[in-house]
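Dumped structure34.cif below, it's mmCIF, N, CA and C atoms:
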data_start
#
loop_
_atom_site.label_atom_id
_atom_site.label_comp_id
_atom_site.auth_asym_id
_atom_site.auth_seq_id
_atom_site.Cartn_x
_atom_site.Cartn_y
_atom_site.Cartn_z
N MET A 255 119.63 73.84 131.95
CA MET A 255 118.49 74.71 132.22
C MET A 255 118.61 75.99 131.39
N PRO A 256 117.52 76.37 130.77
CA PRO A 256 117.56 77.59 129.96
C PRO A 256 117.67 78.85 130.81
N HIS A 257 118.17 79.89 130.19
CA HIS A 257 118.12 81.24 130.73
C HIS A 257 116.87 81.86 130.12
N TRP A 258 115.98 82.39 130.93
CA TRP A 258 114.71 82.93 130.45
C TRP A 258 114.77 84.44 130.42
N LYS A 259 114.26 85.03 129.34
CA LYS A 259 114.16 86.48 129.29
C LYS A 259 112.94 86.89 128.47
N TRP A 260 112.26 87.90 128.99
CA TRP A 260 111.11 88.50 128.31
C TRP A 260 111.58 89.71 127.55
N LYS A 261 111.04 89.89 126.34
CA LYS A 261 111.36 91.07 125.55
C LYS A 261 110.12 91.52 124.78
N THR A 262 110.00 92.83 124.63
CA THR A 262 109.02 93.35 123.70
C THR A 262 109.65 93.28 122.31
N PHE A 263 108.85 93.49 121.29
CA PHE A 263 109.39 93.42 119.92
C PHE A 263 110.54 94.40 119.71
N PRO A 264 110.42 95.68 120.12
CA PRO A 264 111.54 96.60 119.91
C PRO A 264 112.81 96.21 120.68
N GLU A 265 112.65 95.45 121.76
CA GLU A 265 113.82 95.04 122.54
C GLU A 265 114.57 93.87 121.92
N LEU A 266 113.92 93.13 121.01
CA LEU A 266 114.61 92.01 120.36
C LEU A 266 115.72 92.55 119.46
N THR A 267 116.90 91.95 119.57
CA THR A 267 117.96 92.32 118.64
C THR A 267 117.64 91.68 117.28
N LEU A 268 118.29 92.16 116.24
CA LEU A 268 118.09 91.55 114.93
C LEU A 268 118.46 90.07 114.95
N GLU A 269 119.54 89.74 115.65
CA GLU A 269 119.97 88.34 115.75
C GLU A 269 118.92 87.50 116.47
N GLU A 270 118.38 88.02 117.58
CA GLU A 270 117.34 87.28 118.31
C GLU A 270 116.10 87.08 117.44
N LEU A 271 115.67 88.13 116.76
CA LEU A 271 114.51 88.02 115.89
C LEU A 271 114.74 86.99 114.79
N TYR A 272 115.90 87.01 114.19
CA TYR A 272 116.23 86.05 113.14
C TYR A 272 116.15 84.62 113.68
N VAL A 273 116.73 84.39 114.84
CA VAL A 273 116.75 83.05 115.44
C VAL A 273 115.32 82.61 115.81
N VAL A 274 114.52 83.51 116.35
CA VAL A 274 113.13 83.20 116.70
C VAL A 274 112.35 82.80 115.45
N LEU A 275 112.43 83.62 114.41
CA LEU A 275 111.67 83.33 113.19
C LEU A 275 112.16 82.05 112.52
N ALA A 276 113.47 81.81 112.55
CA ALA A 276 114.01 80.58 111.96
C ALA A 276 113.51 79.35 112.71
N LEU A 277 113.49 79.40 114.05
CA LEU A 277 113.03 78.25 114.82
C LEU A 277 111.53 78.05 114.66
N ARG A 278 110.77 79.12 114.62
CA ARG A 278 109.32 78.98 114.39
C ARG A 278 109.07 78.34 113.03
N GLN A 279 109.81 78.75 112.04
CA GLN A 279 109.65 78.15 110.71
C GLN A 279 110.06 76.68 110.72
N GLU A 280 111.16 76.36 111.39
CA GLU A 280 111.62 74.97 111.48
C GLU A 280 110.56 74.08 112.09
N VAL A 281 109.93 74.54 113.18
CA VAL A 281 108.97 73.70 113.89
C VAL A 281 107.59 73.73 113.24
N PHE A 282 107.05 74.91 113.01
CA PHE A 282 105.65 75.00 112.59
C PHE A 282 105.45 74.81 111.09
N VAL A 283 106.41 75.17 110.28
CA VAL A 283 106.25 75.05 108.83
C VAL A 283 106.88 73.76 108.32
N VAL A 284 108.16 73.54 108.64
CA VAL A 284 108.88 72.39 108.08
C VAL A 284 108.52 71.11 108.84
N GLU A 285 108.75 71.06 110.15
CA GLU A 285 108.51 69.84 110.92
C GLU A 285 107.05 69.42 110.87
N GLN A 286 106.14 70.38 111.04
CA GLN A 286 104.71 70.04 111.06
C GLN A 286 104.08 70.08 109.67
N ARG A 287 104.89 70.38 108.68
CA ARG A 287 104.43 70.39 107.28
C ARG A 287 103.16 71.20 107.10
N SER A 288 103.19 72.41 107.63
CA SER A 288 102.04 73.30 107.57
C SER A 288 102.45 74.58 106.86
N ILE A 289 101.93 74.76 105.67
CA ILE A 289 102.24 75.96 104.90
C ILE A 289 101.31 77.08 105.39
N TYR A 290 101.88 78.06 106.04
CA TYR A 290 101.08 79.19 106.52
C TYR A 290 101.99 80.39 106.74
N GLN A 291 101.38 81.54 106.93
CA GLN A 291 102.11 82.79 107.13
C GLN A 291 102.43 82.94 108.61
N ASP A 292 103.63 82.56 109.02
CA ASP A 292 104.03 82.65 110.42
C ASP A 292 104.12 84.11 110.88
N VAL A 293 104.69 84.95 110.07
CA VAL A 293 104.79 86.37 110.40
C VAL A 293 103.42 86.97 110.12
N ASP A 294 102.61 87.07 111.18
CA ASP A 294 101.18 87.35 111.05
C ASP A 294 100.76 88.74 111.49
N GLY A 295 101.71 89.60 111.82
CA GLY A 295 101.37 90.95 112.24
C GLY A 295 101.16 91.12 113.73
N TYR A 296 101.21 90.03 114.51
CA TYR A 296 101.00 90.12 115.95
C TYR A 296 102.30 90.23 116.74
N ASP A 297 103.44 89.96 116.13
CA ASP A 297 104.70 89.99 116.87
C ASP A 297 105.02 91.36 117.43
N ARG A 298 104.74 92.41 116.67
CA ARG A 298 105.10 93.76 117.12
C ARG A 298 104.43 94.15 118.43
N GLY A 299 103.21 93.70 118.66
CA GLY A 299 102.50 94.06 119.88
C GLY A 299 102.60 93.04 120.99
N SER A 300 103.36 91.98 120.77
CA SER A 300 103.44 90.88 121.73
C SER A 300 104.66 90.99 122.64
N HIS A 301 104.60 90.21 123.71
CA HIS A 301 105.74 90.01 124.61
C HIS A 301 106.32 88.64 124.25
N HIS A 302 107.63 88.56 124.15
CA HIS A 302 108.30 87.35 123.67
C HIS A 302 109.16 86.76 124.79
N LEU A 303 108.95 85.47 125.05
CA LEU A 303 109.75 84.76 126.05
C LEU A 303 110.74 83.86 125.32
N LEU A 304 112.02 84.09 125.57
CA LEU A 304 113.08 83.31 124.96
C LEU A 304 113.78 82.49 126.04
N GLY A 305 113.90 81.21 125.80
CA GLY A 305 114.65 80.32 126.69
C GLY A 305 115.89 79.87 125.95
N THR A 306 117.05 80.32 126.40
CA THR A 306 118.30 80.02 125.71
C THR A 306 119.27 79.26 126.61
N THR A 307 120.15 78.53 125.97
CA THR A 307 121.27 77.90 126.67
C THR A 307 122.55 78.42 126.04
N ASP A 308 123.63 78.27 126.76
CA ASP A 308 124.91 78.74 126.26
C ASP A 308 125.41 77.83 125.15
N GLY A 309 125.75 78.42 124.02
CA GLY A 309 126.33 77.69 122.91
C GLY A 309 127.79 78.04 122.77
N PRO A 310 128.52 77.38 121.87
CA PRO A 310 129.94 77.65 121.72
C PRO A 310 130.25 79.07 121.26
N ASP A 311 129.37 79.63 120.41
CA ASP A 311 129.62 80.97 119.87
C ASP A 311 128.57 82.00 120.28
N ALA A 312 127.36 81.52 120.55
CA ALA A 312 126.24 82.42 120.86
C ALA A 312 125.18 81.61 121.61
N PRO A 313 124.27 82.30 122.29
CA PRO A 313 123.18 81.58 122.94
C PRO A 313 122.37 80.78 121.92
N VAL A 314 121.86 79.62 122.36
CA VAL A 314 121.05 78.75 121.51
C VAL A 314 119.61 78.83 122.00
N LEU A 315 118.69 79.19 121.10
CA LEU A 315 117.28 79.27 121.46
C LEU A 315 116.69 77.87 121.54
N GLU A 316 116.19 77.50 122.72
CA GLU A 316 115.60 76.18 122.93
C GLU A 316 114.10 76.23 123.16
N ALA A 317 113.58 77.37 123.63
CA ALA A 317 112.16 77.46 123.97
C ALA A 317 111.68 78.87 123.67
N TYR A 318 110.41 78.95 123.26
CA TYR A 318 109.86 80.26 122.88
C TYR A 318 108.35 80.23 123.01
N LEU A 319 107.78 81.37 123.39
CA LEU A 319 106.36 81.65 123.24
C LEU A 319 106.17 83.15 123.21
N ARG A 320 104.99 83.55 122.75
CA ARG A 320 104.65 84.98 122.76
C ARG A 320 103.32 85.15 123.45
N VAL A 321 103.19 86.26 124.18
CA VAL A 321 101.95 86.64 124.85
C VAL A 321 101.36 87.82 124.10
N LEU A 322 100.09 87.70 123.74
CA LEU A 322 99.37 88.75 123.03
C LEU A 322 98.44 89.45 124.01
N PRO A 323 98.63 90.75 124.23
CA PRO A 323 97.77 91.48 125.17
C PRO A 323 96.30 91.44 124.74
N PRO A 324 95.39 91.66 125.69
CA PRO A 324 93.98 91.72 125.33
C PRO A 324 93.76 92.77 124.24
N GLY A 325 92.92 92.41 123.27
CA GLY A 325 92.59 93.34 122.20
C GLY A 325 93.50 93.25 120.99
N LEU A 326 94.64 92.57 121.10
CA LEU A 326 95.53 92.47 119.94
C LEU A 326 94.97 91.49 118.92
N LYS A 327 94.62 90.30 119.36
CA LYS A 327 94.03 89.29 118.48
C LYS A 327 92.62 88.93 118.93
N TYR A 328 92.46 88.76 120.23
CA TYR A 328 91.18 88.42 120.85
C TYR A 328 90.86 89.47 121.91
N PRO A 329 89.61 89.53 122.36
CA PRO A 329 89.32 90.41 123.49
C PRO A 329 90.09 89.98 124.75
N GLU A 330 90.36 88.68 124.87
CA GLU A 330 91.10 88.15 126.02
C GLU A 330 92.61 88.22 125.75
N VAL A 331 93.39 88.06 126.80
CA VAL A 331 94.83 87.88 126.63
C VAL A 331 95.04 86.48 126.03
N SER A 332 96.12 86.32 125.30
CA SER A 332 96.37 85.03 124.66
C SER A 332 97.87 84.76 124.64
N PHE A 333 98.22 83.51 124.39
CA PHE A 333 99.62 83.19 124.11
C PHE A 333 99.65 82.14 123.03
N GLY A 334 100.77 82.08 122.34
CA GLY A 334 100.89 81.13 121.25
C GLY A 334 102.32 81.01 120.76
N ARG A 335 102.45 80.33 119.61
CA ARG A 335 103.76 80.02 119.04
C ARG A 335 104.63 79.33 120.08
N VAL A 336 104.00 78.50 120.89
CA VAL A 336 104.67 77.77 121.97
C VAL A 336 105.51 76.67 121.34
N LEU A 337 106.82 76.70 121.60
CA LEU A 337 107.66 75.67 120.99
C LEU A 337 108.89 75.37 121.81
N ILE A 338 109.32 74.13 121.68
CA ILE A 338 110.61 73.66 122.20
C ILE A 338 111.38 73.17 120.98
N ALA A 339 112.64 73.58 120.86
CA ALA A 339 113.46 73.14 119.73
C ALA A 339 113.56 71.62 119.73
N PRO A 340 113.57 71.01 118.55
CA PRO A 340 113.60 69.55 118.47
C PRO A 340 114.69 68.89 119.32
N ASN A 341 115.87 69.47 119.36
CA ASN A 341 116.97 68.86 120.11
C ASN A 341 116.90 69.11 121.62
N ALA A 342 115.88 69.84 122.07
CA ALA A 342 115.76 70.16 123.50
C ALA A 342 114.51 69.55 124.13
N ARG A 343 113.82 68.71 123.42
CA ARG A 343 112.56 68.15 123.91
C ARG A 343 112.78 67.02 124.91
N ARG A 344 111.71 66.71 125.63
CA ARG A 344 111.67 65.61 126.60
C ARG A 344 112.51 65.90 127.84
N LYS A 345 112.62 67.20 128.18
CA LYS A 345 113.36 67.60 129.37
C LYS A 345 112.47 68.38 130.34
N GLY A 346 111.18 68.44 130.05
CA GLY A 346 110.25 69.17 130.92
C GLY A 346 110.20 70.66 130.66
N GLN A 347 110.86 71.13 129.61
CA GLN A 347 110.88 72.56 129.35
C GLN A 347 109.54 73.09 128.88
N GLY A 348 108.73 72.25 128.25
CA GLY A 348 107.42 72.69 127.79
C GLY A 348 106.54 73.15 128.94
N ARG A 349 106.52 72.38 130.01
CA ARG A 349 105.73 72.76 131.19
C ARG A 349 106.28 74.05 131.81
N GLU A 350 107.59 74.14 131.89
CA GLU A 350 108.21 75.34 132.46
C GLU A 350 107.91 76.57 131.59
N LEU A 351 107.96 76.40 130.29
CA LEU A 351 107.68 77.48 129.35
C LEU A 351 106.25 78.01 129.53
N VAL A 352 105.29 77.11 129.54
CA VAL A 352 103.89 77.52 129.71
C VAL A 352 103.67 78.14 131.08
N ARG A 353 104.26 77.57 132.12
CA ARG A 353 104.13 78.13 133.46
C ARG A 353 104.66 79.56 133.50
N LYS A 354 105.81 79.81 132.87
CA LYS A 354 106.36 81.16 132.85
C LYS A 354 105.45 82.11 132.08
N GLY A 355 104.85 81.62 131.00
CA GLY A 355 103.89 82.44 130.26
C GLY A 355 102.68 82.80 131.10
N LEU A 356 102.15 81.83 131.82
CA LEU A 356 100.99 82.07 132.68
C LEU A 356 101.34 83.00 133.84
N ASP A 357 102.53 82.85 134.40
CA ASP A 357 102.96 83.75 135.48
C ASP A 357 103.05 85.19 134.98
N PHE A 358 103.58 85.37 133.76
CA PHE A 358 103.68 86.71 133.16
C PHE A 358 102.29 87.31 132.98
N ILE A 359 101.36 86.50 132.46
CA ILE A 359 100.00 86.98 132.24
C ILE A 359 99.36 87.38 133.56
N GLU A 360 99.52 86.55 134.59
CA GLU A 360 98.93 86.88 135.89
C GLU A 360 99.52 88.17 136.46
N GLU A 361 100.81 88.39 136.26
CA GLU A 361 101.46 89.60 136.77
C GLU A 361 101.01 90.85 136.01
N HIS A 362 100.93 90.75 134.68
CA HIS A 362 100.64 91.93 133.86
C HIS A 362 99.16 92.13 133.52
N TYR A 363 98.39 91.06 133.55
CA TYR A 363 96.96 91.11 133.22
C TYR A 363 96.18 90.30 134.24
N PRO A 364 96.26 90.67 135.53
CA PRO A 364 95.63 89.85 136.58
C PRO A 364 94.13 89.69 136.35
N ARG A 365 93.68 88.47 136.62
CA ARG A 365 92.26 88.12 136.55
C ARG A 365 91.66 88.36 135.17
N THR A 366 92.47 88.40 134.14
CA THR A 366 91.99 88.55 132.77
C THR A 366 91.83 87.17 132.15
N PRO A 367 90.69 86.88 131.53
CA PRO A 367 90.53 85.58 130.88
C PRO A 367 91.61 85.36 129.82
N ILE A 368 92.00 84.10 129.65
CA ILE A 368 93.03 83.72 128.68
C ILE A 368 92.38 82.82 127.64
N ARG A 369 92.62 83.12 126.38
CA ARG A 369 92.10 82.32 125.27
C ARG A 369 93.29 81.85 124.42
N ILE A 370 93.30 80.57 124.11
CA ILE A 370 94.32 80.03 123.21
C ILE A 370 93.66 79.16 122.15
N GLY A 371 94.31 79.06 121.01
CA GLY A 371 93.94 78.11 119.97
C GLY A 371 94.99 77.01 120.01
N ALA A 372 94.69 75.91 120.67
CA ALA A 372 95.67 74.85 120.92
C ALA A 372 95.59 73.77 119.85
N GLN A 373 96.74 73.20 119.52
CA GLN A 373 96.72 72.02 118.68
C GLN A 373 95.98 70.94 119.47
N HIS A 374 95.06 70.28 118.81
CA HIS A 374 94.15 69.36 119.49
C HIS A 374 94.88 68.28 120.28
N TYR A 375 96.00 67.77 119.76
CA TYR A 375 96.70 66.70 120.48
C TYR A 375 97.28 67.18 121.80
N LEU A 376 97.33 68.49 122.02
CA LEU A 376 97.85 69.05 123.27
C LEU A 376 96.74 69.45 124.25
N GLN A 377 95.51 69.07 123.96
CA GLN A 377 94.39 69.46 124.82
C GLN A 377 94.62 69.05 126.27
N ALA A 378 94.99 67.81 126.52
CA ALA A 378 95.19 67.35 127.90
C ALA A 378 96.34 68.11 128.58
N PHE A 379 97.38 68.43 127.83
CA PHE A 379 98.50 69.20 128.37
C PHE A 379 97.99 70.55 128.89
N TYR A 380 97.21 71.27 128.08
CA TYR A 380 96.71 72.57 128.51
C TYR A 380 95.64 72.45 129.59
N GLU A 381 94.87 71.38 129.57
CA GLU A 381 93.91 71.16 130.66
C GLU A 381 94.63 71.01 131.99
N SER A 382 95.84 70.48 131.98
CA SER A 382 96.60 70.34 133.23
C SER A 382 96.98 71.70 133.82
N PHE A 383 96.85 72.77 133.03
CA PHE A 383 97.10 74.14 133.50
C PHE A 383 95.79 74.88 133.80
N GLY A 384 94.68 74.15 133.76
CA GLY A 384 93.40 74.76 134.10
C GLY A 384 92.59 75.25 132.92
N PHE A 385 93.02 75.00 131.70
CA PHE A 385 92.25 75.40 130.52
C PHE A 385 91.12 74.41 130.29
N ARG A 386 90.06 74.89 129.65
CA ARG A 386 88.97 74.00 129.26
C ARG A 386 88.67 74.25 127.78
N ALA A 387 88.38 73.18 127.09
CA ALA A 387 88.06 73.26 125.67
C ALA A 387 86.67 73.84 125.48
N VAL A 388 86.53 74.68 124.46
CA VAL A 388 85.25 75.29 124.13
C VAL A 388 85.04 75.13 122.63
N GLY A 389 83.92 74.57 122.23
CA GLY A 389 83.63 74.43 120.81
C GLY A 389 84.19 73.14 120.24
N ASP A 390 84.10 73.06 118.94
CA ASP A 390 84.52 71.86 118.22
C ASP A 390 85.96 72.00 117.72
N VAL A 391 86.54 70.86 117.41
CA VAL A 391 87.86 70.83 116.78
C VAL A 391 87.72 71.43 115.39
N TYR A 392 88.69 72.26 115.00
CA TYR A 392 88.67 72.89 113.68
C TYR A 392 90.05 72.78 113.04
N ASP A 393 90.08 72.92 111.74
CA ASP A 393 91.33 72.85 110.99
C ASP A 393 91.94 74.25 110.90
N GLU A 394 93.18 74.35 111.30
CA GLU A 394 93.93 75.60 111.11
C GLU A 394 95.24 75.24 110.43
N ASP A 395 95.36 75.63 109.20
CA ASP A 395 96.58 75.39 108.42
C ASP A 395 96.92 73.91 108.33
N GLY A 396 95.88 73.07 108.23
CA GLY A 396 96.09 71.64 108.07
C GLY A 396 96.31 70.87 109.36
N ILE A 397 96.17 71.53 110.50
CA ILE A 397 96.39 70.89 111.80
C ILE A 397 95.14 71.07 112.65
N PRO A 398 94.61 69.97 113.25
CA PRO A 398 93.43 70.10 114.11
C PRO A 398 93.74 70.96 115.35
N HIS A 399 92.88 71.93 115.61
CA HIS A 399 93.00 72.84 116.75
C HIS A 399 91.70 72.85 117.54
N ILE A 400 91.79 73.35 118.76
CA ILE A 400 90.61 73.57 119.59
C ILE A 400 90.83 74.85 120.40
N ASP A 401 89.75 75.64 120.54
CA ASP A 401 89.83 76.83 121.38
C ASP A 401 89.73 76.41 122.83
N MET A 402 90.54 77.06 123.65
CA MET A 402 90.56 76.75 125.07
C MET A 402 90.59 78.06 125.86
N PHE A 403 89.94 78.04 127.03
CA PHE A 403 89.86 79.22 127.88
C PHE A 403 90.27 78.87 129.30
N ARG A 404 90.76 79.88 129.97
CA ARG A 404 91.09 79.74 131.40
C ARG A 404 90.75 81.07 132.07
#
Using structure tokens, write down the structure that the file contains.
Amino acid sequence: MPHWKWKTFPELTLEELYVVLALRQEVFVVEQRSIYQDVDGYDRGSHHLLGTTDGPDAPVLEAYLRVLPPGLKYPEVSFGRVLIAPNARRKGQGRELVRKGLDFIEEHYPRTPIRIGAQHYLQAFYESFGFRAVGDVYDEDGIPHIDMFR
């Protein structure tokens, strides 16, 4: 089971930031073969959820997402960069990660609409959390996406 911790950008250590950016690049750029600018200017204003397990020398990042406050990217609150490390998948951590993100949003931004740009193949996953698709499927960095609201 991961150890979960929320951090603002200034609270991230250099080591944590390096590991977060490396894992995001591994999953979103290399694994998904999507050439895009991951460091998009939203990290500084976001809240970052890190799910780590104990490693032999240092904690190992297994799960991550960021919450973007209302007005940072959209008028609504949002979350994204949702990922589970390849070696940690199929253990139910994805559901736990999203649930923790939604709990954080409800605590800090109660009754605020949530908008996400979800990878289309995950539509049913996000619908299971009460999201509904709005609009048509669109291409974002070579991957089909759909806007979803809750």
Any idea what's packed within 12 Å of segment 277-279 of chain A, counting only C-alpha atoms, ignoring anything in its chain fewer than 6 positions away? Could you give it as a ChimeraX atom specification?
/A:270-271,285-293,304,314-320,334-341
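In this model, the gap between atom CA of Val281 of chain A and atom N of Asp401 of chain A comes to 20.4 Å.
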To one decimal place in Å, what is the distance between atom CA of Pro398 of chain A and atom CA of His374 of chain A?
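Atom CA of His374 of chain A lies 5.5 Å from atom CA of Pro398 of chain A.
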Result set of the PyMOL selection byres (((chain A and resi 354 and name CA) around 12) and name CA) on the coordinates above, as a tab-separated table (two decimals) with N, CA and C atoms, in the coordinates of the input:
chain	number	residue	atom	x	y	z
A	257	HIS	N	118.17	79.89	130.19
A	257	HIS	CA	118.12	81.24	130.73
A	257	HIS	C	116.87	81.86	130.12
A	258	TRP	N	115.98	82.39	130.93
A	258	TRP	CA	114.71	82.93	130.45
A	258	TRP	C	114.77	84.44	130.42
A	259	LYS	N	114.26	85.03	129.34
A	259	LYS	CA	114.16	86.48	129.29
A	259	LYS	C	112.94	86.89	128.47
A	260	TRP	N	112.26	87.90	128.99
A	260	TRP	CA	111.11	88.50	128.31
A	260	TRP	C	111.58	89.71	127.55
A	302	HIS	N	107.63	88.56	124.15
A	302	HIS	CA	108.30	87.35	123.67
A	302	HIS	C	109.16	86.76	124.79
A	303	LEU	N	108.95	85.47	125.05
A	303	LEU	CA	109.75	84.76	126.05
A	303	LEU	C	110.74	83.86	125.32
A	304	LEU	N	112.02	84.09	125.57
A	304	LEU	CA	113.08	83.31	124.96
A	304	LEU	C	113.78	82.49	126.04
A	305	GLY	N	113.90	81.21	125.80
A	305	GLY	CA	114.65	80.32	126.69
A	305	GLY	C	115.89	79.87	125.95
A	317	ALA	N	113.58	77.37	123.63
A	317	ALA	CA	112.16	77.46	123.97
A	317	ALA	C	111.68	78.87	123.67
A	318	TYR	N	110.41	78.95	123.26
A	318	TYR	CA	109.86	80.26	122.88
A	318	TYR	C	108.35	80.23	123.01
A	319	LEU	N	107.78	81.37	123.39
A	319	LEU	CA	106.36	81.65	123.24
A	319	LEU	C	106.17	83.15	123.21
A	320	ARG	N	104.99	83.55	122.75
A	320	ARG	CA	104.65	84.98	122.76
A	320	ARG	C	103.32	85.15	123.45
A	321	VAL	N	103.19	86.26	124.18
A	321	VAL	CA	101.95	86.64	124.85
A	321	VAL	C	101.36	87.82	124.10
A	333	PHE	N	98.22	83.51	124.39
A	333	PHE	CA	99.62	83.19	124.11
A	333	PHE	C	99.65	82.14	123.03
A	336	VAL	N	104.00	78.50	120.89
A	336	VAL	CA	104.67	77.77	121.97
A	336	VAL	C	105.51	76.67	121.34
A	347	GLN	N	110.86	71.13	129.61
A	347	GLN	CA	110.88	72.56	129.35
A	347	GLN	C	109.54	73.09	128.88
A	348	GLY	N	108.73	72.25	128.25
A	348	GLY	CA	107.42	72.69	127.79
A	348	GLY	C	106.54	73.15	128.94
A	349	ARG	N	106.52	72.38	130.01
A	349	ARG	CA	105.73	72.76	131.19
A	349	ARG	C	106.28	74.05	131.81
A	350	GLU	N	107.59	74.14	131.89
A	350	GLU	CA	108.21	75.34	132.46
A	350	GLU	C	107.91	76.57	131.59
A	351	LEU	N	107.96	76.40	130.29
A	351	LEU	CA	107.68	77.48	129.35
A	351	LEU	C	106.25	78.01	129.53
A	352	VAL	N	105.29	77.11	129.54
A	352	VAL	CA	103.89	77.52	129.71
A	352	VAL	C	103.67	78.14	131.08
A	353	ARG	N	104.26	77.57	132.12
A	353	ARG	CA	104.13	78.13	133.46
A	353	ARG	C	104.66	79.56	133.50
A	355	GLY	N	104.85	81.62	131.00
A	355	GLY	CA	103.89	82.44	130.26
A	355	GLY	C	102.68	82.80	131.10
A	356	LEU	N	102.15	81.83	131.82
A	356	LEU	CA	100.99	82.07	132.68
A	356	LEU	C	101.34	83.00	133.84
A	357	ASP	N	102.53	82.85	134.40
A	357	ASP	CA	102.96	83.75	135.48
A	357	ASP	C	103.05	85.19	134.98
A	358	PHE	N	103.58	85.37	133.76
A	358	PHE	CA	103.68	86.71	133.16
A	358	PHE	C	102.29	87.31	132.98
A	359	ILE	N	101.36	86.50	132.46
A	359	ILE	CA	100.00	86.98	132.24
A	359	ILE	C	99.36	87.38	133.56
A	360	GLU	N	99.52	86.55	134.59
A	360	GLU	CA	98.93	86.88	135.89
A	360	GLU	C	99.52	88.17	136.46
A	361	GLU	N	100.81	88.39	136.26
A	361	GLU	CA	101.46	89.60	136.77
A	361	GLU	C	101.01	90.85	136.01
A	383	PHE	N	96.85	72.77	133.03
A	383	PHE	CA	97.10	74.14	133.50
A	383	PHE	C	95.79	74.88	133.80
Picked from chain A by DSSP as helix (DSSP H, G or I), as an NGL selection string:
:A and (263-265 or 268-285 or 297-299 or 340-342 or 347-362 or 374-381)
How many Å lie between atom CA of Thr262 of chain A and atom CA of Leu322 of chain A, rounded to one decimal?
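Computing the Euclidean distance for atom CA of Thr262 of chain A and atom CA of Leu322 of chain A yields 10.7 Å.
Among A:Phe385, A:Tyr375, A:Tyr272, A:Tyr380, the residue with the shortest atom-to-atom distance to His399 of chain A, counting only N, CA and C atoms, is A:Tyr375.
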On this structure, which residues satisfy the PyMOL selection byres (((chain A and resi 386 and name CA) around 7) and name CA), written as number ranges by chain?
A: 381, 384-385, 387-388, 402-404
Would you save the residues from that selection as a PDB file, in the frame of the given file, using N, CA and C atoms?
ATOM      1  N   GLU A 381      94.870  71.380 129.570  1.00  0.00           N
ATOM      2  CA  GLU A 381      93.910  71.160 130.660  1.00  0.00           C
ATOM      3  C   GLU A 381      94.630  71.010 131.990  1.00  0.00           C
ATOM      4  N   GLY A 384      94.680  74.150 133.760  1.00  0.00           N
ATOM      5  CA  GLY A 384      93.400  74.760 134.100  1.00  0.00           C
ATOM      6  C   GLY A 384      92.590  75.250 132.920  1.00  0.00           C
ATOM      7  N   PHE A 385      93.020  75.000 131.700  1.00  0.00           N
ATOM      8  CA  PHE A 385      92.250  75.400 130.520  1.00  0.00           C
ATOM      9  C   PHE A 385      91.120  74.410 130.290  1.00  0.00           C
ATOM     10  N   ALA A 387      88.380  73.180 127.090  1.00  0.00           N
ATOM     11  CA  ALA A 387      88.060  73.260 125.670  1.00  0.00           C
ATOM     12  C   ALA A 387      86.670  73.840 125.480  1.00  0.00           C
ATOM     13  N   VAL A 388      86.530  74.680 124.460  1.00  0.00           N
ATOM     14  CA  VAL A 388      85.250  75.290 124.130  1.00  0.00           C
ATOM     15  C   VAL A 388      85.040  75.130 122.630  1.00  0.00           C
ATOM     16  N   MET A 402      90.540  77.060 123.650  1.00  0.00           N
ATOM     17  CA  MET A 402      90.560  76.750 125.070  1.00  0.00           C
ATOM     18  C   MET A 402      90.590  78.060 125.860  1.00  0.00           C
ATOM     19  N   PHE A 403      89.940  78.040 127.030  1.00  0.00           N
ATOM     20  CA  PHE A 403      89.860  79.220 127.880  1.00  0.00           C
ATOM     21  C   PHE A 403      90.270  78.870 129.300  1.00  0.00           C
ATOM     22  N   ARG A 404      90.760  79.880 129.970  1.00  0.00           N
ATOM     23  CA  ARG A 404      91.090  79.740 131.400  1.00  0.00           C
ATOM     24  C   ARG A 404      90.750  81.070 132.070  1.00  0.00           C
TER      25      ARG A 404
END
As a ChimeraX atom specification, which residues of chain A does DSSP assign to strand (DSSP E)?
/A:257-262,301-307,314-322,332-338,369-373,386-394,397-403
